[in-house]
>>> print(open('target20.txt').read())   # compact mmCIF, C-alpha atoms and all ligand atoms
# COMPACT_ATOMS: atom_id res chain seq x y z
CA MET A 1 -17.07 23.33 -16.02
CA GLN A 2 -17.61 25.02 -12.69
CA ALA A 3 -19.62 22.90 -10.20
CA ILE A 4 -22.59 23.95 -8.07
CA PRO A 5 -24.31 22.15 -5.18
CA VAL A 6 -27.73 20.64 -5.83
CA GLY A 7 -30.02 22.23 -3.25
CA VAL A 8 -28.76 21.71 0.28
CA SER A 9 -27.41 18.25 -0.60
CA SER A 10 -23.77 17.21 -0.77
CA ILE A 11 -24.24 16.40 -4.46
CA HIS A 12 -22.59 18.69 -6.98
CA SER A 13 -23.41 19.27 -10.63
CA SER A 14 -21.52 20.82 -13.49
CA ARG A 15 -22.97 24.28 -14.29
CA LEU A 16 -25.02 22.66 -17.09
CA ALA A 17 -26.65 19.25 -16.85
CA TYR A 18 -27.17 16.75 -19.67
CA GLY A 19 -30.69 15.46 -20.41
CA CYS A 20 -31.30 11.97 -21.79
CA TRP A 21 -34.87 12.43 -23.05
CA ARG A 22 -33.88 12.22 -26.72
CA VAL A 23 -31.00 9.72 -26.59
CA ALA A 24 -32.99 6.75 -27.88
CA GLY A 25 -33.68 8.67 -31.11
CA SER A 26 -37.44 8.10 -30.73
CA TRP A 27 -40.11 8.26 -28.05
CA ASP A 28 -41.47 4.87 -29.13
CA PRO A 29 -39.36 1.85 -28.10
CA ALA A 30 -40.64 -0.04 -31.14
CA GLU A 31 -38.92 2.52 -33.39
CA VAL A 32 -35.51 2.43 -31.71
CA THR A 33 -32.79 1.14 -34.04
CA PRO A 34 -29.27 -0.13 -33.24
CA ALA A 35 -27.88 2.95 -35.03
CA GLY A 36 -30.14 5.22 -32.96
CA ARG A 37 -29.02 3.60 -29.70
CA ALA A 38 -25.37 3.86 -30.73
CA ALA A 39 -25.82 7.58 -31.49
CA GLY A 40 -27.48 8.03 -28.10
CA LYS A 41 -24.56 6.35 -26.35
CA ARG A 42 -22.13 8.58 -28.25
CA ALA A 43 -24.08 11.64 -27.07
CA VAL A 44 -23.92 10.55 -23.43
CA ILE A 45 -20.19 9.84 -23.71
CA ALA A 46 -19.63 13.20 -25.41
CA ALA A 47 -21.41 14.92 -22.51
CA TYR A 48 -19.31 13.06 -19.95
CA GLU A 49 -16.09 13.88 -21.80
CA ALA A 50 -17.14 17.54 -22.13
CA GLY A 51 -17.42 17.80 -18.33
CA TYR A 52 -21.15 17.37 -17.62
CA THR A 53 -21.47 15.65 -14.25
CA LEU A 54 -25.25 15.50 -13.80
CA PHE A 55 -27.38 13.34 -16.10
CA ASP A 56 -31.16 13.72 -16.11
CA ASN A 57 -33.44 10.83 -17.05
CA ALA A 58 -36.96 9.44 -16.44
CA ASP A 59 -38.66 6.08 -16.49
CA ILE A 60 -41.02 7.21 -19.26
CA TYR A 61 -38.32 8.44 -21.64
CA CYS A 62 -38.88 6.04 -24.52
CA ARG A 63 -40.48 3.71 -21.96
CA GLY A 64 -37.22 3.03 -20.16
CA GLU A 65 -34.90 2.92 -23.18
CA ALA A 66 -33.21 6.21 -22.21
CA GLU A 67 -32.38 4.80 -18.76
CA ARG A 68 -31.09 1.59 -20.38
CA ILE A 69 -28.83 3.56 -22.73
CA LEU A 70 -27.35 5.58 -19.85
CA GLY A 71 -26.94 2.30 -17.91
CA GLU A 72 -25.04 0.69 -20.79
CA VAL A 73 -22.68 3.66 -21.01
CA LEU A 74 -22.09 3.52 -17.25
CA LYS A 75 -21.09 -0.12 -17.62
CA GLU A 76 -18.73 0.59 -20.51
CA VAL A 77 -17.01 3.75 -19.29
CA SER A 78 -14.78 2.93 -16.36
CA GLY A 79 -15.18 5.22 -13.34
CA MET A 80 -18.06 7.23 -14.82
CA ARG A 81 -20.66 6.19 -12.26
CA ASP A 82 -18.58 7.54 -9.39
CA ARG A 83 -17.98 10.88 -11.10
CA ILE A 84 -21.56 11.75 -12.06
CA ALA A 85 -24.88 12.37 -10.36
CA ILE A 86 -27.89 10.48 -11.71
CA VAL A 87 -31.28 12.18 -11.61
CA THR A 88 -34.32 10.22 -12.71
CA LYS A 89 -38.06 10.62 -12.36
CA GLY A 90 -41.17 8.57 -11.74
CA GLY A 91 -44.86 9.03 -11.06
CA ILE A 92 -46.24 9.07 -14.61
CA ARG A 93 -48.09 6.00 -15.85
CA PRO A 94 -48.64 5.82 -19.60
CA ALA A 95 -51.97 4.78 -21.12
CA GLY A 96 -52.44 1.02 -21.18
CA ASP A 97 -50.59 0.43 -17.88
CA PRO A 98 -51.52 -2.08 -16.56
CA GLU A 99 -54.92 -2.65 -18.23
CA GLN A 100 -55.30 -1.94 -21.93
CA ASP A 101 -57.96 0.74 -21.38
CA ALA A 102 -56.20 2.54 -18.48
CA PRO A 103 -55.72 6.27 -19.24
CA GLY A 104 -52.39 8.07 -19.13
CA ARG A 105 -52.19 9.38 -15.57
CA TYR A 106 -50.05 10.28 -12.57
CA ASP A 107 -49.54 7.92 -9.63
CA PHE A 108 -47.75 8.92 -6.43
CA SER A 109 -49.07 5.96 -4.44
CA ALA A 110 -46.29 4.49 -2.31
CA ALA A 111 -46.71 1.14 -4.06
CA HIS A 112 -46.18 2.68 -7.49
CA LEU A 113 -43.24 4.91 -6.49
CA LEU A 114 -41.40 2.04 -4.79
CA GLN A 115 -41.90 -0.21 -7.79
CA ALA A 116 -41.05 2.49 -10.36
CA CYS A 117 -37.85 3.38 -8.55
CA GLU A 118 -36.84 -0.29 -8.38
CA GLN A 119 -37.34 -0.62 -12.14
CA SER A 120 -35.28 2.53 -12.82
CA LEU A 121 -32.42 1.17 -10.70
CA LYS A 122 -32.48 -2.06 -12.73
CA ARG A 123 -32.46 -0.30 -16.09
CA LEU A 124 -29.69 2.07 -15.00
CA GLY A 125 -27.73 -0.83 -13.53
CA VAL A 126 -26.85 1.14 -10.38
CA GLU A 127 -27.48 0.64 -6.67
CA THR A 128 -28.44 4.22 -5.86
CA ILE A 129 -30.16 7.11 -7.62
CA ASP A 130 -28.67 10.44 -6.52
CA VAL A 131 -31.84 12.52 -6.93
CA TYR A 132 -35.29 11.06 -7.56
CA LEU A 133 -37.95 13.46 -8.85
CA LEU A 134 -41.73 13.24 -8.96
CA HIS A 135 -42.29 13.91 -12.65
CA ARG A 136 -45.66 15.70 -12.82
CA PRO A 137 -48.07 16.46 -9.96
CA ASP A 138 -50.54 13.68 -9.21
CA TYR A 139 -53.97 15.25 -8.57
CA LEU A 140 -54.49 12.57 -5.90
CA ALA A 141 -51.06 13.02 -4.28
CA ASP A 142 -51.08 12.45 -0.53
CA PRO A 143 -47.97 14.18 0.88
CA GLU A 144 -47.84 11.84 3.89
CA GLU A 145 -47.88 8.76 1.66
CA VAL A 146 -45.18 10.22 -0.62
CA ALA A 147 -43.05 11.09 2.42
CA GLU A 148 -43.37 7.50 3.63
CA ALA A 149 -42.26 6.17 0.22
CA PHE A 150 -39.30 8.60 0.16
CA SER A 151 -38.25 7.53 3.66
CA ARG A 152 -38.34 3.86 2.71
CA LEU A 153 -36.30 4.46 -0.47
CA LYS A 154 -33.72 6.48 1.46
CA ALA A 155 -33.47 3.97 4.33
CA ALA A 156 -32.93 1.16 1.80
CA GLY A 157 -30.06 3.13 0.22
CA LYS A 158 -31.89 3.28 -3.11
CA VAL A 159 -32.18 7.07 -3.34
CA ARG A 160 -29.99 9.74 -1.77
CA HIS A 161 -32.13 12.86 -2.32
CA PHE A 162 -35.55 13.83 -3.62
CA GLY A 163 -37.17 16.59 -5.60
CA VAL A 164 -40.09 17.45 -7.84
CA SER A 165 -40.90 18.54 -11.36
CA ASN A 166 -43.64 20.75 -12.82
CA PHE A 167 -45.17 21.44 -9.39
CA ARG A 168 -47.00 24.56 -8.24
CA PRO A 169 -45.07 26.24 -5.40
CA THR A 170 -47.94 25.54 -2.98
CA LEU A 171 -47.74 21.81 -3.69
CA VAL A 172 -43.97 21.87 -3.15
CA THR A 173 -44.66 23.39 0.28
CA ALA A 174 -47.33 20.79 1.07
CA LEU A 175 -44.90 17.99 0.24
CA GLN A 176 -41.99 19.62 2.06
CA VAL A 177 -44.07 19.98 5.23
CA ALA A 178 -44.72 16.21 5.18
CA CYS A 179 -41.17 15.13 4.27
CA PRO A 180 -38.46 14.61 6.87
CA MET A 181 -35.78 15.32 4.26
CA PRO A 182 -35.28 18.56 2.28
CA LEU A 183 -36.42 18.63 -1.34
CA VAL A 184 -33.30 19.57 -3.30
CA ALA A 185 -34.43 20.17 -6.90
CA HIS A 186 -37.43 21.46 -8.83
CA GLN A 187 -37.36 20.76 -12.56
CA VAL A 188 -39.55 23.07 -14.65
CA GLU A 189 -39.58 24.42 -18.18
CA ILE A 190 -37.68 27.73 -18.32
CA SER A 191 -36.41 29.50 -21.42
CA LEU A 192 -36.81 32.76 -23.31
CA ALA A 193 -39.97 31.18 -24.72
CA LYS A 194 -41.31 30.10 -21.31
CA LEU A 195 -41.03 32.74 -18.61
CA ASP A 196 -43.62 31.56 -16.06
CA ALA A 197 -41.13 30.40 -13.42
CA PHE A 198 -39.87 33.98 -13.00
CA THR A 199 -43.29 35.29 -11.98
CA ASP A 200 -45.35 32.36 -10.64
CA GLY A 201 -43.36 31.97 -7.42
CA THR A 202 -41.30 28.96 -8.53
CA LEU A 203 -37.91 30.71 -8.56
CA ASP A 204 -38.78 32.75 -5.45
CA GLN A 205 -39.45 29.50 -3.62
CA CYS A 206 -36.19 28.00 -4.90
CA LEU A 207 -34.34 31.00 -3.45
CA ILE A 208 -36.16 30.80 -0.11
CA GLU A 209 -35.82 27.02 0.32
CA ARG A 210 -32.43 26.69 -1.42
CA ILE A 211 -33.91 24.30 -3.96
CA THR A 212 -32.00 24.01 -7.25
CA PRO A 213 -34.22 24.95 -10.21
CA MET A 214 -33.48 22.70 -13.18
CA ALA A 215 -34.57 24.18 -16.53
CA TRP A 216 -35.97 21.72 -19.03
CA SER A 217 -36.14 22.61 -22.73
CA PRO A 218 -33.78 25.57 -22.10
CA LEU A 219 -33.64 26.17 -25.87
CA ALA A 220 -37.43 25.79 -26.22
CA ALA A 221 -36.85 22.26 -27.56
CA GLY A 222 -34.54 23.62 -30.26
CA ARG A 223 -36.67 26.57 -31.44
CA ILE A 224 -33.91 28.90 -30.21
CA GLY A 225 -31.35 26.79 -32.10
CA SER A 226 -31.86 25.57 -35.62
CA GLY A 227 -35.25 24.02 -35.00
CA ALA A 228 -36.84 21.28 -33.00
CA THR A 229 -36.55 17.61 -33.79
CA ARG A 230 -39.56 16.95 -31.57
CA LEU A 231 -41.78 19.32 -29.60
CA LEU A 232 -44.26 18.71 -26.84
CA PRO A 233 -47.80 19.80 -27.84
CA SER A 234 -47.54 22.58 -25.22
CA GLN A 235 -44.53 24.01 -27.09
CA ALA A 236 -46.14 24.25 -30.54
CA GLY A 237 -47.46 27.78 -29.95
CA TYR A 238 -44.09 29.38 -29.11
CA ARG A 239 -43.16 32.39 -31.25
CA PRO A 240 -39.36 32.63 -30.94
CA GLU A 241 -39.17 34.89 -34.01
CA GLN A 242 -40.36 37.63 -31.63
CA PHE A 243 -37.15 37.55 -29.57
CA LEU A 244 -34.58 35.86 -31.82
CA PRO A 245 -33.34 39.15 -33.37
CA ALA A 246 -32.40 40.38 -29.89
CA VAL A 247 -30.62 37.09 -29.13
CA GLU A 248 -28.80 37.28 -32.46
CA ALA A 249 -27.67 40.87 -31.85
CA ILE A 250 -26.08 39.95 -28.52
CA ALA A 251 -24.63 36.74 -29.99
CA ALA A 252 -22.97 38.76 -32.78
CA ALA A 253 -21.62 41.36 -30.37
CA ARG A 254 -20.22 38.65 -28.07
CA GLY A 255 -18.93 36.40 -30.88
CA VAL A 256 -20.95 33.36 -29.78
CA SER A 257 -23.99 31.47 -31.06
CA ARG A 258 -27.53 32.36 -30.04
CA THR A 259 -27.89 29.06 -28.15
CA VAL A 260 -24.94 30.04 -25.96
CA VAL A 261 -26.60 33.41 -25.27
CA ALA A 262 -29.93 31.71 -24.41
CA LEU A 263 -28.21 29.36 -21.95
CA ALA A 264 -26.12 32.15 -20.41
CA TRP A 265 -29.35 34.10 -19.90
CA LEU A 266 -30.65 31.29 -17.67
CA LEU A 267 -27.33 30.95 -15.82
CA LYS A 268 -27.41 34.63 -14.79
CA HIS A 269 -30.37 34.22 -12.40
CA PRO A 270 -29.35 34.22 -8.70
CA SER A 271 -31.32 31.03 -7.98
CA ARG A 272 -28.55 29.23 -9.94
CA ILE A 273 -30.78 27.72 -12.58
CA LEU A 274 -29.33 24.45 -13.88
CA PRO A 275 -30.14 24.24 -17.61
CA ILE A 276 -30.58 20.68 -18.90
CA VAL A 277 -28.99 20.50 -22.33
CA GLY A 278 -30.96 18.18 -24.58
CA THR A 279 -29.14 18.06 -27.92
CA THR A 280 -27.89 14.68 -29.13
CA LYS A 281 -25.17 16.18 -31.34
CA PRO A 282 -21.70 15.92 -29.74
CA GLU A 283 -20.49 19.24 -31.19
CA ARG A 284 -23.58 21.05 -29.82
CA ILE A 285 -23.16 19.32 -26.44
CA ARG A 286 -19.60 20.68 -26.29
CA GLU A 287 -20.55 24.15 -27.52
CA ALA A 288 -23.22 24.54 -24.82
CA THR A 289 -20.55 24.32 -22.10
CA THR A 290 -19.11 27.67 -23.23
CA ALA A 291 -22.28 29.38 -21.92
CA ALA A 292 -20.85 28.89 -18.43
CA GLU A 293 -18.12 31.41 -19.35
CA LEU A 294 -20.43 34.10 -20.73
CA ASP A 295 -21.51 36.59 -18.09
CA LEU A 296 -24.24 38.76 -19.62
CA THR A 297 -24.57 42.32 -18.31
CA ARG A 298 -27.80 43.33 -16.58
CA GLU A 299 -28.58 45.49 -19.62
CA GLU A 300 -28.14 42.56 -22.00
CA TRP A 301 -30.23 40.36 -19.71
CA TYR A 302 -33.12 42.80 -19.61
CA ARG A 303 -32.91 43.46 -23.36
CA LEU A 304 -33.57 39.76 -23.85
CA LEU A 305 -36.36 39.67 -21.26
CA VAL A 306 -38.11 42.62 -22.86
CA ALA A 307 -37.85 40.98 -26.30
CA ALA A 308 -39.16 37.68 -24.91
CA ARG A 309 -42.08 39.42 -23.16
CA GLY A 310 -42.86 41.29 -26.35
CA GLU A 311 -43.43 44.53 -24.40
CA PRO A 312 -41.38 46.91 -22.26
CA MET A 313 -41.15 46.42 -18.50
CA PRO A 314 -43.99 48.20 -16.69
N1 LIG B 401 -39.36 17.33 -16.28
C1 LIG B 401 -39.97 17.38 -17.43
O1 LIG B 401 -41.22 17.38 -17.52
C2 LIG B 401 -39.15 17.45 -18.69
C3 LIG B 401 -39.78 17.67 -19.93
C4 LIG B 401 -38.98 17.75 -21.07
C5 LIG B 401 -37.59 17.61 -20.95
N2 LIG B 401 -37.01 17.37 -19.74
C6 LIG B 401 -35.54 17.25 -19.59
O2 LIG B 401 -34.93 18.38 -20.19
C7 LIG B 401 -33.95 17.96 -21.12
C8 LIG B 401 -33.78 18.99 -22.19
O3 LIG B 401 -35.00 19.17 -22.92
P1 LIG B 401 -34.94 19.45 -24.49
O4 LIG B 401 -34.27 18.32 -25.17
O5 LIG B 401 -36.28 19.85 -24.96
O6 LIG B 401 -33.92 20.72 -24.47
P2 LIG B 401 -33.49 21.81 -25.52
O7 LIG B 401 -32.01 21.99 -25.34
O8 LIG B 401 -34.38 22.99 -25.39
O9 LIG B 401 -33.79 21.19 -26.97
C9 LIG B 401 -32.98 20.20 -27.54
C10 LIG B 401 -33.50 20.01 -28.97
O10 LIG B 401 -33.11 21.15 -29.74
C11 LIG B 401 -32.52 20.73 -30.97
N3 LIG B 401 -31.57 21.77 -31.43
C12 LIG B 401 -31.69 22.42 -32.61
N4 LIG B 401 -30.67 23.29 -32.75
C13 LIG B 401 -29.88 23.18 -31.64
C14 LIG B 401 -28.67 23.81 -31.24
N5 LIG B 401 -28.06 24.73 -31.99
N6 LIG B 401 -28.14 23.47 -30.04
C15 LIG B 401 -28.74 22.56 -29.27
N7 LIG B 401 -29.90 21.89 -29.62
C16 LIG B 401 -30.47 22.21 -30.80
C17 LIG B 401 -31.86 19.41 -30.60
O11 LIG B 401 -31.70 18.64 -31.78
P3 LIG B 401 -30.34 17.75 -31.99
O12 LIG B 401 -30.42 16.63 -31.02
O13 LIG B 401 -30.49 17.32 -33.41
O14 LIG B 401 -29.19 18.68 -31.76
C18 LIG B 401 -32.90 18.79 -29.67
O15 LIG B 401 -33.94 18.18 -30.43
C19 LIG B 401 -34.43 16.58 -21.57
O16 LIG B 401 -33.40 15.76 -22.10
C20 LIG B 401 -34.97 16.02 -20.29
O17 LIG B 401 -33.89 15.49 -19.52
C21 LIG B 401 -37.78 17.31 -18.62
>>> encode(input="target20.txt", output="structure tokens")
Amino acid sequence: MQAIPVGVSSIHSSRLAYGCWRVAGSWDPAEVTPAGRAAGKRAVIAAYEAGYTLFDNADIYCRGEAERILGEVLKEVSGMRDRIAIVTKGGIRPAGDPEQDAPGRYDFSAAHLLQACEQSLKRLGVETIDVYLLHRPDYLADPEEVAEAFSRLKAAGKVRHFGVSNFRPTLVTALQVACPMPLVAHQVEISLAKLDAFTDGTLDQCLIERITPMAWSPLAAGRIGSGATRLLPSQAGYRPEQFLPAVEAIAAARGVSRTVVALAWLLKHPSRILPIVGTTKPERIREATTAAELDLTREEWYRLLVAARGEPMP
């Protein structure tokens, strides 16, 4: 796969990234089975062998199991660590942490970020995280305190670059003003079922600041494929049947699957959206890479946008 730079950093990524959210086979560590872990490891290896060179993860994915699974693969596959970029995220604290009655919440305090990053490094079994992202905006975030935590992590050689996820553009600016280093990635949900980033300023800001937009759930968690194994509550209301006929028509004309069309649609945007492929099926992981070779015309692109909007352009 072709490679692109991540923001203004020296890190490069394959044109599609691989996401490890689902590799444990469950979101509950108590439900993870040896067979499920083995399948997750096969998925990660399939992605590496198919040419993906950026792997996305987070401390809360199956409460650390997804980072452990990637870490085990890195130990087993000789040379892999040096050929890939590792992205992981922190800043979310699940309910019950640390006291039993603590609510699920966000925590960008320096103490929490430093500790969370340390734990991620341990589970991944690496010395450095290539890009560390703040997972969801903390209502109490103090940009100066976050900047201080970032500086300490960078000075200690624990993180090379930083970014954010699910932020409003204004909060990205507030953090960037406080940070001595450039933010290099902004991970948000973007797909034919979720168009907000095109109009809420997120992609404009990525173009202005040369931040790489990373698209999570690029297939609307599978709704654009053959169905979702697991959806977030916020994704339950999607109505892909509204635009799937248009995707299918272009897929038939181009001789590819509709998932390839949906990924190519994201790749066409000039901000160089980096879709994070989330399937755990090796054959689907391989098939997704062919989207990088499909250059949709402007007419095809707009036909899909109009179908996804459910109304003509004004
Ligand atoms: N920053 C954030 O807040 C955030 C939130 C969510 C996700 N993420 C990141 O984004 C990544 C991708 O998210 P996602 O998993 O929801 O992405 P996705 O690619 O939209 O959805 C993948 C899901 O679709 C299913 N699927 C059904 N048919 C498919 C087909 N033909 N091709 C491919 N997949 C098909 C897959 O099932 P099978 O496995 O059975 O193929 C899998 O459950 C995650 O791994 C994570 O790294 C970030």
>>> closest_atom_pairs(input="target20.txt", of="chain A", to="ligand LIG 401 (chain B)", cutoff="6 Å", atoms="all atoms listed in the file", output="CSV")
residue,atom,partner,partner_atom,distance
A:Gly19,CA,B:LIG401,O16,3.2
A:Cys20,CA,B:LIG401,O16,4.3
A:Trp21,CA,B:LIG401,O16,3.8
A:Arg22,CA,B:LIG401,O16,5.8
A:Asp56,CA,B:LIG401,O17,4.7
A:Asn57,CA,B:LIG401,O17,5.3
A:His135,CA,B:LIG401,N1,5.8
A:Ser165,CA,B:LIG401,N1,5.3
A:Gln187,CA,B:LIG401,N1,5.4
A:Val188,CA,B:LIG401,N1,6.0
A:Trp216,CA,B:LIG401,O2,3.7
A:Ser217,CA,B:LIG401,O8,3.2
A:Pro218,CA,B:LIG401,O8,4.2
A:Leu219,CA,B:LIG401,O8,3.3
A:Ala220,CA,B:LIG401,O8,4.2
A:Ala221,CA,B:LIG401,O9,3.3
A:Gly222,CA,B:LIG401,O10,2.9
A:Gly225,CA,B:LIG401,N4,3.6
A:Ser226,CA,B:LIG401,N4,3.9
A:Gly227,CA,B:LIG401,C12,4.6
A:Ala228,CA,B:LIG401,C11,4.8
A:Thr229,CA,B:LIG401,O15,4.3
A:Arg230,CA,B:LIG401,O15,5.9
A:Thr259,CA,B:LIG401,N5,5.8
A:Ile276,CA,B:LIG401,C7,4.9
A:Val277,CA,B:LIG401,O7,4.5
A:Gly278,CA,B:LIG401,O4,3.4
A:Thr279,CA,B:LIG401,O12,3.6
A:Thr280,CA,B:LIG401,O12,3.7
A:Lys281,CA,B:LIG401,O14,4.8
A:Arg284,CA,B:LIG401,N6,5.2
>>> atom_distance(input="target20.txt", atom1="CA of Ala253 (chain A)", atom2="CA of Pro240 (chain A)")
19.8 Å
>>> atom_distance(input="target20.txt", atom1="CA of Gln100 (chain A)", atom2="CA of Ala30 (chain A)")
17.4 Å
>>> residues_around(input="target20.txt", residues="region 4-13 of chain A", least_positions_apart="3", cutoff="10 Å", atoms="all atoms listed in the file", output="count of residues only")
33
>>> closest_residue(input="target20.txt", among="A:Leu74, A:Leu153, A:Ala50, A:Ala292", to="Gly125 (chain A)", atoms="all atoms listed in the file")
A:Leu74
>>> atom_distance(input="target20.txt", atom1="CA of Leu113 (chain A)", atom2="CA of Ala147 (chain A)")
10.8 Å
>>> closest_residue(input="target20.txt", among="A:Tyr139, A:Tyr132, A:Tyr238, A:Phe167", to="Leu203 (chain A)", atoms="all atoms listed in the file")
A:Phe167
>>> closest_residue(input="target20.txt", among="A:Ala3, A:Ala116, A:Met313, A:Ala249", to="Leu134 (chain A)", atoms="only C-alpha atoms")
A:Ala116
>>> closest_residue(input="target20.txt", among="A:Glu248, A:Asp59, A:Glu99, A:Ser109", to="Lys122 (chain A)", atoms="all atoms listed in the file")
A:Asp59
>>> closest_residue(input="target20.txt", among="A:Gly96, A:Leu114, A:Leu171, A:Arg81", to="Glu127 (chain A)", atoms="all atoms listed in the file")
A:Arg81
>>> residues_around(input="target20.txt", residues="Val32 (chain A)", least_positions_apart="3", cutoff="12 Å", atoms="only C-alpha atoms", output="PyMOL selection string")
chain A and resi 22-29+35-40+62-66+69
>>> write_last_selection(input="target20.txt", atoms="C-alpha atoms", output="mmCIF file, in the frame of the given file")
data_model
loop_
_atom_site.group_PDB
_atom_site.id
_atom_site.type_symbol
_atom_site.label_atom_id
_atom_site.label_comp_id
_atom_site.auth_asym_id
_atom_site.auth_seq_id
_atom_site.Cartn_x
_atom_site.Cartn_y
_atom_site.Cartn_z
ATOM 1 C CA ARG A 22 -33.880 12.220 -26.720
ATOM 2 C CA VAL A 23 -31.000 9.720 -26.590
ATOM 3 C CA ALA A 24 -32.990 6.750 -27.880
ATOM 4 C CA GLY A 25 -33.680 8.670 -31.110
ATOM 5 C CA SER A 26 -37.440 8.100 -30.730
ATOM 6 C CA TRP A 27 -40.110 8.260 -28.050
ATOM 7 C CA ASP A 28 -41.470 4.870 -29.130
ATOM 8 C CA PRO A 29 -39.360 1.850 -28.100
ATOM 9 C CA ALA A 35 -27.880 2.950 -35.030
ATOM 10 C CA GLY A 36 -30.140 5.220 -32.960
ATOM 11 C CA ARG A 37 -29.020 3.600 -29.700
ATOM 12 C CA ALA A 38 -25.370 3.860 -30.730
ATOM 13 C CA ALA A 39 -25.820 7.580 -31.490
ATOM 14 C CA GLY A 40 -27.480 8.030 -28.100
ATOM 15 C CA CYS A 62 -38.880 6.040 -24.520
ATOM 16 C CA ARG A 63 -40.480 3.710 -21.960
ATOM 17 C CA GLY A 64 -37.220 3.030 -20.160
ATOM 18 C CA GLU A 65 -34.900 2.920 -23.180
ATOM 19 C CA ALA A 66 -33.210 6.210 -22.210
ATOM 20 C CA ILE A 69 -28.830 3.560 -22.730
#
>>> closest_residue(input="target20.txt", among="A:Arg68, A:Gly237, A:Ser191, A:Trp265", to="Glu299 (chain A)", atoms="only C-alpha atoms")
A:Trp265
>>> residues_around(input="target20.txt", residues="Ala307 (chain A)", least_positions_apart="3", cutoff="10 Å", atoms="only C-alpha atoms", output="PDB file with C-alpha atoms, keeping the file's coordinate frame")
ATOM      1  CA  LEU A 192     -36.810  32.760 -23.310  1.00  0.00           C
ATOM      2  CA  PRO A 240     -39.360  32.630 -30.940  1.00  0.00           C
ATOM      3  CA  GLU A 241     -39.170  34.890 -34.010  1.00  0.00           C
ATOM      4  CA  GLN A 242     -40.360  37.630 -31.630  1.00  0.00           C
ATOM      5  CA  PHE A 243     -37.150  37.550 -29.570  1.00  0.00           C
ATOM      6  CA  LEU A 244     -34.580  35.860 -31.820  1.00  0.00           C
ATOM      7  CA  PRO A 245     -33.340  39.150 -33.370  1.00  0.00           C
ATOM      8  CA  ALA A 246     -32.400  40.380 -29.890  1.00  0.00           C
ATOM      9  CA  VAL A 247     -30.620  37.090 -29.130  1.00  0.00           C
ATOM     10  CA  TYR A 302     -33.120  42.800 -19.610  1.00  0.00           C
ATOM     11  CA  ARG A 303     -32.910  43.460 -23.360  1.00  0.00           C
ATOM     12  CA  LEU A 304     -33.570  39.760 -23.850  1.00  0.00           C
ATOM     13  CA  GLY A 310     -42.860  41.290 -26.350  1.00  0.00           C
ATOM     14  CA  GLU A 311     -43.430  44.530 -24.400  1.00  0.00           C
ATOM     15  CA  PRO A 312     -41.380  46.910 -22.260  1.00  0.00           C
TER      16      PRO A 312
END
